[in-house]
Structure formats: structure tokens, C-alpha cells
There are 2 protein chains.
Amino acid sequence: MSEKIARFLADNHLESPCLVVDLDVIADSYRALRLALPDVEIHYAVKANPAQEVLSLLVGLGSSFDAASRYEIDQCLAAGADPARISYGNTIKKACDIAHAHDLGVRLFAFDSESELDKLAENAPGARVFCRILVSEVGAHWPLSGKFGCEPAMARDLMVRARALGLEAYGAAFHVGSQQVDPRQWEMAIGRTARLFSALAESGIEPRMVNLGGGFPVRYRAEVPEIGVFAETIKAAMRKHFGNRPPEMIIEPGRWLTAPAGVIQSEVVLVARKSRDDDRRWVYLDVGKFGGLAETVGEAIQYPIRPARRGNAAGAVIIAGPTCDGADVLYENAGYRLPMDLRSGDRVHILNTGAYTASYSSVGFNGFPPLKAYYV
Amino acid sequence: MSEKIARFLADNHLESPCLVVDLDVIADSYRALRLALPDVEIHYAVKANPAQEVLSLLVGLGSSFDAASRYEIDQCLAAGADPARISYGNTIKKACDIAHAHDLGVRLFAFDSESELDKLAENAPGARVFCRILVSEVGAHWPLSGKFGCEPAMARDLMVRARALGLEAYGAAFHVGSQQVDPRQWEMAIGRTARLFSALAESGIEPRMVNLGGGFPVRYRAEVPEIGVFAETIKAAMRKHFGNRPPEMIIEPGRWLTAPAGVIQSEVVLVARKSRDDDRRWVYLDVGKFGGLAETVGEAIQYPIRPARRGNAAGAVIIAGPTCDGADVLYENAGYRLPMDLRSGDRVHILNTGAYTASYSSVGFNGFPPLKAYYV
């Protein structure tokens with residue numbers, strides 16, 4: 001945890017649970033990413049953390065934005081973003097939301113189907129559109145499960161159709177899955193995109209842009225490769241597949257920029273055993289799946305959890321949230337261990353929780369209020 | 001869908017998505033349950049649907065309440081409930097929340113561990129407490145996964161300890177799992193509870209109450225036994241195991257009372273195929289896992305989904321929500337079929353969605369606002 005967060009927690013008696021985000025960490029990450037990929041335009045994936053403080057910071061640093069909904073577009077504009085720097089990256093949009101975005105000056109839209117193209121042609125005439133293609137997601141800890149993208153053969157037909165509809169057939173996009181730890185997935189996806197571009201050239205279409213998506217992994221409990229490894233892989237793959245005339249490039253980092261900046265402070269509500277000879281304790285926290293830790297579904301994202309006070313020897317635990325819902329168990333099989341003398345009222349810190357937490361909170365499941373967040 | 005809901009939807013041009021709940025349906029269900037189990041006190045499980053309209057209705061009908069948090073207790077009191085008719089049924093409570101409830105006049109508390117008993121003795125001195133025991137949940141479509149309850153041998157020790165701490169060792173509770181379709185699970189759990197009571201009698205403790213929990217199933221896509229079948233099973237099991245001197249009985253229905261009263265009206269945002277020879281269409285709705293349909297995780301709860309306009313022949317579909325999250329796929333393997341001519345802008349009705357929906361909504365994941373609800 002950053003010194004600034006540690007000081008903020010020490011100086012303020014905050015009600016538990018809460019999320020504290022260090023904006024300096026986000027700024028440092030943004031600058032590091034710029035250095036690693038100087039020729040790539042960064043479109044921050046707003047959904048990872050849509051707080052106004054984060055958006056304003058990134059506007060100031062010169063970032064562009066990837067919005068998942070009309071509401072996120074409104075949030076970006078409220079933070080001072082230029083609509084010409086916002087891409088509407090969701091391939092699933094209502095006609096009225098496309099029109100709303102277009103009215104506001106958004107000019108870059110994702111699609112992956114014929115029906116979406118027709119909506120774009122009608123509600124955002126002349127806009128730049130890019131087609132998302134399906135790629136492998138092997139290695140992603142939070143995969144996208146085939147929900148987005150189409151096969152390249154279909155993408156080619158759709159790009160031809162886009163031009164016929166008066167849209168600018170601007171580029172192609174892929175996403176290798178969130179928390180993707182294998183750099184070769186970008187290499188393969190770039191190859192796939194290059195082959196699509198070649199096929200399009202035969203139809204007289206020369207797309208100008210490749211959207212490399214997001215997915216760069218954060219160090220949760222396990223080590224992951226440094227961002228430089230991904231950057232070098234991407235640069236080499238672009239050189240290999242596109243040669244001396246590379247297209248414009250976009251990336252859409254969300255988790256990678258904001259997750260490391262956040263810490264959730266949580267209180268232990270109860271430590272219990274289910275029988276006299278139970279070898280694992282149940283540790284119940286005051287934050288759980290419905291209070292911001294939705295990405296613990298299937299134990300997919302494994303946050304480092306540290307007791308606030310130094311305890312004695314650690315023992316095996318099952319970690320669960322505070323609701324009366326049986327699905328609100330965070331970690332049962334991931335081998336978490338916490339001090340044997342941990343007890344009700346103790347605090348723990350859940351690290352790297354700056355992304356995909358507060359905005360996932362339920363409005364009030366079991367009556368519990370949404371996760372409160374502080375930006376320092 | 002009830003006539004009242006159909007009329008309300010026809011008369012009002014509501015923004016999509018929205019939930020409409022028919023309060024008459026809840027009242028009818030409440031009365032039917034009273035008739036089926038006249039000797040059992042109904043504690044409505046507030047978490048299923050905590051809307052003030054629902055709570056006020058049930059206060060008027062004479063219901064008691066099962067609260068999962070201090071916030072739900074506040075909501076019950078705001079709706080006019082008598083604190084003496086509220087049980088604080090969550091076995092995981094902060095000390096300050098126990099004190100808050102006790103200050104407000106709540107006198108009945110759940111526990112399943114030594115640590116929780118100590119908190120209760122200190123913060124709710126003299127209160128009535130009941131111990132939740134672990135039971136089988138075979139047959140539950142939304143199981144509680146061992147998160148709550150302890151083994152009966154431990155329960156006996158804890159009840160003895162409760163008395164020693166000056167608490168009233170008032171009863172025992174179990175929960176056979178939510179959407180439990182097998183009536184025999186209650187029979188077995190009642191037998192287990194009776195054996196605990198016998199063991200307690202040897203220690204000079206005679207508990208006065210059995211809390212039979214909730215879990216009564218709702219007809220979603222598949223038929224389930226009528227409530228009468230569960231009621232008769234429970235009555236027979238109580239006679240068999242407790243004879244002529246049955247203890248007081250409590251049930252905690254939530255889903256069964258409110259789910260059938262609700263309909264979500266949703267709009268089709270997109271219908272797409274991923275390749276030219278794709279044999280299943282992807283149907284994207286404007287409501288998904290993060291907008292209220294959290295219980296579709298693992299395709300556990302399968303809501304009936306009906307197109308609003310009569311379509312042509314139905315074909316296989318994958319149904320997904322509107323967010324950019326790959327986890328936001330509702331049904332992929334459950335064999336849903338929708339008309340072949342379904343298209344963007346069409347409306348569908350998602351039935352039996354009056355429970356565990358609106359309160360599960362995220363505060364704004366991907367920017368989408370929480371599910372709006374109307375009570376008619």
C-alpha cells in the first residue's frame with residue numbers, strides 16, 4: 001500500500017468498509033505506459049473505475065477514453081474530456097444511445113454485427129467504425145467468453161457493408177481477455193488482425209487503426225510479467241505483421257491503470273468454526289461479493305489480503321462476505337491463510353482493489369450500503 | 001403476468017429496463033401461506049425485496065420480519081414494524097450493529113459460533129438467541145454452501161454457553177437452501193433439530209422455538225411442488241419428532257412471497273451471430289447480471305422470458321446483458337429459445353422477478369443505473 005494511503009487511513013477514522021485510491025499511483029502508471037508504448041493512443045477503459053477524480057486526472061494527463069455506455073460518455077464529458085477523444089467501445093448499443101453519443105460529438109464506434117452497423121449508419125451517419133473480431137483468450141483470468149467479436153470472415157463482410165452504408169470503415173479491434181498473463185495472445189491476435197486487413201485490401205478497403213484492447217495483468221497474489229514485456233511483444237508483432245507502414249494503434253487499459261492504486265480497508269465481523277474439530281476457520285469480512293468484490297466469483301481474481309495488525313502464526317481460512325447469501329463466499333479453495341489470533345473487530349487490507357470494485361457494489365443487497373470510496 | 005401489471009405497462013411508457021411488482025400478488029401469497037401453516041409465525045426475509053411498499057403491506061397483514069442487517073431493521077421500523085416482531089437472522093453481525101438493534105427493541109438474534117455469542121451477551125444482554133445448525137441442502141437451486149450454521153454437537157455446547165452468559169437459549173434454526181424443491185429436506189432437518197433438543201434437555205435446557213428457515217421454491221421454468229406439499233411435510237415431521245408438545249415455529253419466506261409478483265420489462269439491444277454459419281443467435285438485453293439478474297450466475301435461477309409481441313418460430317439463443325463484461329452472460333446452456341424474427345428494440349418480459357433482483361443491482365457498473373422498480 002502506498003505511503004499516502006497508509007497516512008490517510010491512519011489520520012482518519014473511516015467507517016468500514018471503504019476503498020482508498022491514490023491518484024499519484026494512477027498518474028505514475030499512466031506515464032509508465034506512455035513510455036512503454038509511445039506510439040499507441042491510450043483509451044482508458046472507464047468501466048474499471050469511473051470516479052470523477054480518476055477521469056479528471058486522466059484528462060489532465062492527455063488520455064483518451066473508452067466508454068461502455070452513454071452514461072460513461074456523460075461522465076467523461078463532465079470530467080472535461082474532448083468527445084473526439086472518446087470511443088464508444090461497447091458493441092451492444094441502443095439506437096437512442098448511439099444518437100445521444102453522436103449528438104455529443106463522439107465519432108468512433110465499435111461493432112461486431114450487421115444489426116449494430118445498421119443502427120450506426122442511421123444514428124451516427126458518417127462515423128468512424130471499427131469491427132471487433134473474436135480471438136483466443138487462453139490465459140485470461142477474467143475472460144470475455146465469446147460475448148464480443150465476430151469471426152474474421154464475417155468481419156470482412158461487415159467492413160464492406162460499413163463502407164456501403166456511408167460509414168468510415170476505420171479499423172479492427174480485439175480483446176485477449178482481462179487479466180491476461182500471456183503476452184503471446186497479443187502476438188496471435190495481431191496476426192489475425194493483419195490477415196483481416198489483407199483480406200480487406202482485396203476489397204479496396206484500407207483500415208487505418210488497430211485497437212489492441214486491454215487485458216494487461218495486475219500483480220494480485222501471483223507474479224505477472226512486467227508491462228514492458230507486453231509492450232515489446234506488441235511492438236515486435238506489429239513490425240512483423242504490418243512492416244514499415246503500421247496503422248494507428250489504440251489500447252484500452254482499465255485494470256492495469258487503476259487496480260494497483262486502491263486499497264479496501266475492511267473489518268473482520270466474525271471468526272468461526274463449524275464444528276469442534278474443524279481444521280479451517282471461517283473469516284467473515286464486512287465486504288463481500290455484493291459490496292464490491294464481484295470479481296471473486298469462481299475465485300478468479302485473488303486479492304492479497306493483509307491483516308492490519310501483525311498477528312501470530314497463520315492458519316488456513318475460508319473467507320466470506322457479510323450477507324445472508326450463500327454465494328457470498330470469497331475464497332474457499334485458493335489457499336488463503338490468516339493469523340490464528342485474528343478476531344472480530346480486527347482490520348484487514350485488501351490490496352490492488354482500485355479497479356472493478358466500487359462500481360460493482362450492489363445498491364443495497366441485505367441492506368448494506370455501497371462501498372464508499374476516497375480519492376487521495 | 002398479472003392483469004394489473006399488464007395494464008400498468010400498457011398505460012405507461014416506462015423507460016427500459018424496469019421491474020413492476022403487483023402488491024396484490026404478494027398479499028394473496030401471504031394469506032395462502034397463513035392458511036397452509038396456521039400455527040407458524042411468518043418472518044418475511046426482507047433481503048428478498050426490501051422495498052418500503054412491500055414492507056408496509058406485510059406490516060398491515062400482520063407479518064413478522066427476518067432482517068439481515070441493521071439497515072434492514074431500520075427499513076422495517078420505517079415501514080411501521082414492531083421491533084419485537086423482528087428477528088436479526090444473520091449469524092454474522094458487528095458488535096455495534098447488535099447494540100444498535102438491541103437499543104431499538106429487537107430481542108431475537110441468530111448465532112452459530114462462540115464469538116458471536118460473546119458479542120450478543122455483551123451487546124444484547126438477556127436477549128433471546130437461537131442457534132443455526134448445518135443441514136443438508138441437496139436439491140437447493142441456490143444453496144447456502146455451508147456458510148451458515150454449525151454442527152449439532154457444537155450447537156449444544158453453544159446453547160449451554162448462551163444460558164451461562166445470561167442469554168435466553170430460545171431455539172434452533174436451519175435453512176435447507178434457497179429455491180429448495182425437495183420437501184424431504186425439511187423432514188430431515190426437523191429430525192436433526194429434534195435430536196438437538198433432546199440432547200439439550202439432558203443439560204436442562206428446553207428451547208421454545210424452531211426456526212424452519214425459508215427456501216420454498218418458486219415456479220420459474222420448471223414445475224415445483226405446491227406450497228401445500230411443503231406445509232404438510234413440515235406438519236407431519238413436527239408431529240413425528242416433537243409429538244403433542246410442539247415448540248413455537250417460525251418460517252422465513254422471501255422468494256416465495258415476492259418473486260411471483262414481479263415482472264422485468266427489458267428491451268432487446270442487439271441480436272447477432274458470431275459467424276455466417278453460427279447456429280445460435282446472441283440476444284443482448286438491456287438488463288443483465290449487474291442490473292438485477294445476479295441469480296443467473298451458473299444459470300442457477302432460470303426465469304421464464306417471453307417476447308412482448310408474438311413472433312414466428314423460435315430458435316436457440318444465448319442470452320446476455322448489456323455490459324462490456326464477459327461474465328455478463330445470462331443463459332448459454334439452459335436451452336432458451338426465442339422467435340427467429342426477434343430484433344433490436346423488441347421488448348421481452350422476464351417473469352417471477354419480484355425477489356432478489358432490484359436490490360442486487362450494481363450502483364452503476366459500466367455506467368448503467370440501477371434497476372428502476374414500480375409497485376402497483
# chains A, B, ... in the order shown; residues from 1 in each chain; ligands from 1
>>> select_by_dssp(residues="segment 225-347 of chain B", states="helix (DSSP H, G or I)", output="list in words")
Ile227, Gly228, Val229, Phe230, Ala231, Glu232, Thr233, Ile234, Lys235, Ala236, Ala237, Met238, Arg239, Lys240, His241, Phe242, Arg255, Trp256, Leu257, Thr258, Ala259, Pro260, Ala261, Ala294, Glu295, Thr296, Val297, Gly298 and Glu299 of chain B
>>> residues_around(residues="Glu168 of chain B", least_positions_apart="4", cutoff="9 Å", atoms="only C-alpha atoms", output="list of chain:residue names")
B:Gly126, B:Ala127, B:Arg128, B:Val129, B:Phe130, B:Met159, B:Ala162, B:Arg163, B:Pro207
>>> interface_residues(of="chain B", to="chain A", cutoff="6 Å", atoms="only C-alpha atoms", output="compact mmCIF listing (two decimals) with N, CA and C atoms, in the first residue's frame")
# COMPACT_ATOMS: atom_id res chain seq x y z
N LYS B 47 -34.47 -9.33 2.84
CA LYS B 47 -33.47 -9.24 1.77
C LYS B 47 -34.05 -9.57 0.40
N ALA B 68 -31.44 -9.01 7.80
CA ALA B 68 -30.07 -9.47 7.58
C ALA B 68 -29.03 -8.47 8.06
N TYR B 71 -29.39 -2.21 8.78
CA TYR B 71 -30.08 -1.35 7.81
C TYR B 71 -31.48 -1.90 7.51
N GLU B 72 -31.58 -3.21 7.40
CA GLU B 72 -32.89 -3.80 7.15
C GLU B 72 -33.81 -3.63 8.37
N LYS B 94 -21.75 -7.22 13.38
CA LYS B 94 -20.80 -6.41 14.13
C LYS B 94 -21.36 -6.14 15.52
N SER B 113 -21.83 -19.41 16.47
CA SER B 113 -20.42 -19.53 16.88
C SER B 113 -20.23 -18.92 18.25
N LEU B 144 -26.68 -22.60 0.22
CA LEU B 144 -26.02 -21.67 1.13
C LEU B 144 -24.59 -22.10 1.42
N SER B 145 -24.18 -23.19 0.85
CA SER B 145 -22.77 -23.59 0.75
C SER B 145 -22.04 -23.65 2.09
N CYS B 150 -23.73 -24.47 12.43
CA CYS B 150 -22.64 -25.29 12.97
C CYS B 150 -23.18 -26.69 13.19
N GLU B 151 -22.28 -27.61 13.43
CA GLU B 151 -22.70 -28.99 13.69
C GLU B 151 -23.51 -29.04 14.98
N MET B 154 -21.75 -29.01 18.37
CA MET B 154 -21.27 -27.69 18.77
C MET B 154 -22.45 -26.81 19.18
N VAL B 269 -31.39 -5.20 -27.09
CA VAL B 269 -30.47 -4.18 -27.60
C VAL B 269 -29.87 -4.64 -28.93
N ALA B 272 -27.37 -10.93 -32.65
CA ALA B 272 -26.19 -11.06 -33.51
C ALA B 272 -25.76 -12.52 -33.63
N LYS B 274 -22.08 -14.71 -34.56
CA LYS B 274 -20.63 -14.51 -34.50
C LYS B 274 -19.94 -14.92 -35.79
N SER B 275 -20.62 -15.71 -36.60
CA SER B 275 -20.06 -16.12 -37.89
C SER B 275 -21.23 -16.42 -38.81
N GLY B 326 -17.48 -9.92 -19.75
CA GLY B 326 -17.72 -11.26 -20.26
C GLY B 326 -18.52 -12.13 -19.31
N SER B 359 -32.54 -5.19 -5.58
CA SER B 359 -31.57 -4.88 -4.53
C SER B 359 -30.18 -5.42 -4.86
N TYR B 360 -30.10 -6.34 -5.81
CA TYR B 360 -28.81 -6.87 -6.26
C TYR B 360 -28.15 -5.94 -7.30
N SER B 361 -28.91 -5.01 -7.88
CA SER B 361 -28.36 -4.15 -8.94
C SER B 361 -27.07 -3.50 -8.49
N SER B 362 -26.14 -3.35 -9.42
CA SER B 362 -24.93 -2.59 -9.09
C SER B 362 -25.27 -1.10 -9.09
N VAL B 363 -24.47 -0.32 -8.36
CA VAL B 363 -24.71 1.12 -8.30
C VAL B 363 -24.53 1.78 -9.66
N GLY B 364 -23.73 1.15 -10.52
CA GLY B 364 -23.55 1.80 -11.82
C GLY B 364 -22.45 1.13 -12.63
N PHE B 365 -22.42 -0.19 -12.65
CA PHE B 365 -21.37 -0.86 -13.40
C PHE B 365 -21.55 -0.57 -14.89
N ASN B 366 -20.45 -0.20 -15.56
CA ASN B 366 -20.50 0.25 -16.96
C ASN B 366 -21.33 1.51 -17.12
N GLY B 367 -21.63 2.18 -16.00
CA GLY B 367 -22.39 3.41 -16.08
C GLY B 367 -23.91 3.22 -16.04
>>> select_by_dssp(residues="segment 30-188 of chain B", states="strand (DSSP E)", output="PyMOL selection string")
chain B and resi 40-45+64-67+86-88+108-111+128-132+140-142+168-173+178-180
>>> write_last_selection(atoms="C-alpha atoms", output="PDB file, in the first residue's frame")
ATOM      1  CA  VAL B  40     -46.304 -20.925  12.216  1.00  0.00           C
ATOM      2  CA  GLU B  41     -45.179 -17.316  12.580  1.00  0.00           C
ATOM      3  CA  ILE B  42     -44.136 -15.809   9.261  1.00  0.00           C
ATOM      4  CA  HIS B  43     -40.935 -13.735   9.373  1.00  0.00           C
ATOM      5  CA  TYR B  44     -40.612 -12.203   5.931  1.00  0.00           C
ATOM      6  CA  ALA B  45     -36.983 -12.359   4.747  1.00  0.00           C
ATOM      7  CA  SER B  64     -43.071 -10.523  11.367  1.00  0.00           C
ATOM      8  CA  PHE B  65     -39.671  -9.892   9.778  1.00  0.00           C
ATOM      9  CA  ASP B  66     -36.266 -11.508   9.375  1.00  0.00           C
ATOM     10  CA  ALA B  67     -33.566  -8.853   8.966  1.00  0.00           C
ATOM     11  CA  ILE B  86     -38.165  -8.546  14.053  1.00  0.00           C
ATOM     12  CA  SER B  87     -35.517 -11.240  14.266  1.00  0.00           C
ATOM     13  CA  TYR B  88     -31.938 -10.361  13.444  1.00  0.00           C
ATOM     14  CA  LEU B 108     -34.404 -12.149  18.906  1.00  0.00           C
ATOM     15  CA  PHE B 109     -30.959 -12.897  17.450  1.00  0.00           C
ATOM     16  CA  ALA B 110     -29.349 -15.711  15.446  1.00  0.00           C
ATOM     17  CA  PHE B 111     -25.878 -17.122  16.129  1.00  0.00           C
ATOM     18  CA  ARG B 128     -33.459 -14.473  23.077  1.00  0.00           C
ATOM     19  CA  VAL B 129     -30.972 -16.281  20.903  1.00  0.00           C
ATOM     20  CA  PHE B 130     -31.310 -19.195  18.525  1.00  0.00           C
ATOM     21  CA  CYS B 131     -28.541 -21.347  17.144  1.00  0.00           C
ATOM     22  CA  ARG B 132     -28.418 -22.145  13.466  1.00  0.00           C
ATOM     23  CA  ALA B 140     -31.488 -26.409  -3.483  1.00  0.00           C
ATOM     24  CA  HIS B 141     -31.002 -24.397  -6.668  1.00  0.00           C
ATOM     25  CA  TRP B 142     -29.383 -21.534  -4.741  1.00  0.00           C
ATOM     26  CA  GLU B 168     -32.198 -16.889  26.794  1.00  0.00           C
ATOM     27  CA  ALA B 169     -31.352 -20.108  24.897  1.00  0.00           C
ATOM     28  CA  TYR B 170     -34.515 -19.748  22.914  1.00  0.00           C
ATOM     29  CA  GLY B 171     -34.344 -22.082  19.947  1.00  0.00           C
ATOM     30  CA  ALA B 172     -32.696 -23.538  16.908  1.00  0.00           C
ATOM     31  CA  ALA B 173     -32.774 -22.673  13.248  1.00  0.00           C
ATOM     32  CA  SER B 178     -32.970 -21.276  -1.279  1.00  0.00           C
ATOM     33  CA  GLN B 179     -35.274 -22.498  -4.084  1.00  0.00           C
ATOM     34  CA  GLN B 180     -35.334 -25.921  -2.416  1.00  0.00           C
TER      35      GLN B 180
END
>>> atom_distance(atom1="atom CA of Lys372 of chain A", atom2="atom CA of Lys372 of chain B")
21.8 Å
>>> residues_around(residues="Gly262 of chain B", least_positions_apart="6", cutoff="9 Å", atoms="only C-alpha atoms", output="PyMOL selection string")
chain B and resi 1-2+5+19-23+25+350-355+375
>>> atom_distance(atom1="atom CA of Ala373 of chain A", atom2="atom CA of His349 of chain A")
14.1 Å
>>> residues_around(residues="segment 78-80 of chain A", least_positions_apart="2", cutoff="7 Å", atoms="only C-alpha atoms", output="short mmCIF file (atom, residue, chain, number, x, y, z; two decimals) with C-alpha atoms, in the first residue's frame")
data_model
loop_
_atom_site.label_atom_id
_atom_site.label_comp_id
_atom_site.auth_asym_id
_atom_site.auth_seq_id
_atom_site.Cartn_x
_atom_site.Cartn_y
_atom_site.Cartn_z
CA GLN A 52 -14.74 11.74 -11.49
CA LEU A 55 -11.36 10.76 -15.11
CA SER A 56 -10.26 14.35 -14.39
CA VAL A 59 -7.98 14.17 -18.89
CA ASP A 74 -21.57 11.74 -19.98
CA GLN A 75 -19.15 11.08 -17.11
CA CYS A 76 -16.12 11.65 -19.36
CA ASP A 82 -12.99 16.05 -25.56
#
>>> atom_distance(atom1="atom CA of Tyr374 of chain B", atom2="atom CA of Asp97 of chain A")
23.6 Å
>>> closest_residue(among="A:Arg192, A:Ala121, A:Arg85, A:Val54", to="Val106 of chain A", atoms="only C-alpha atoms")
A:Arg85
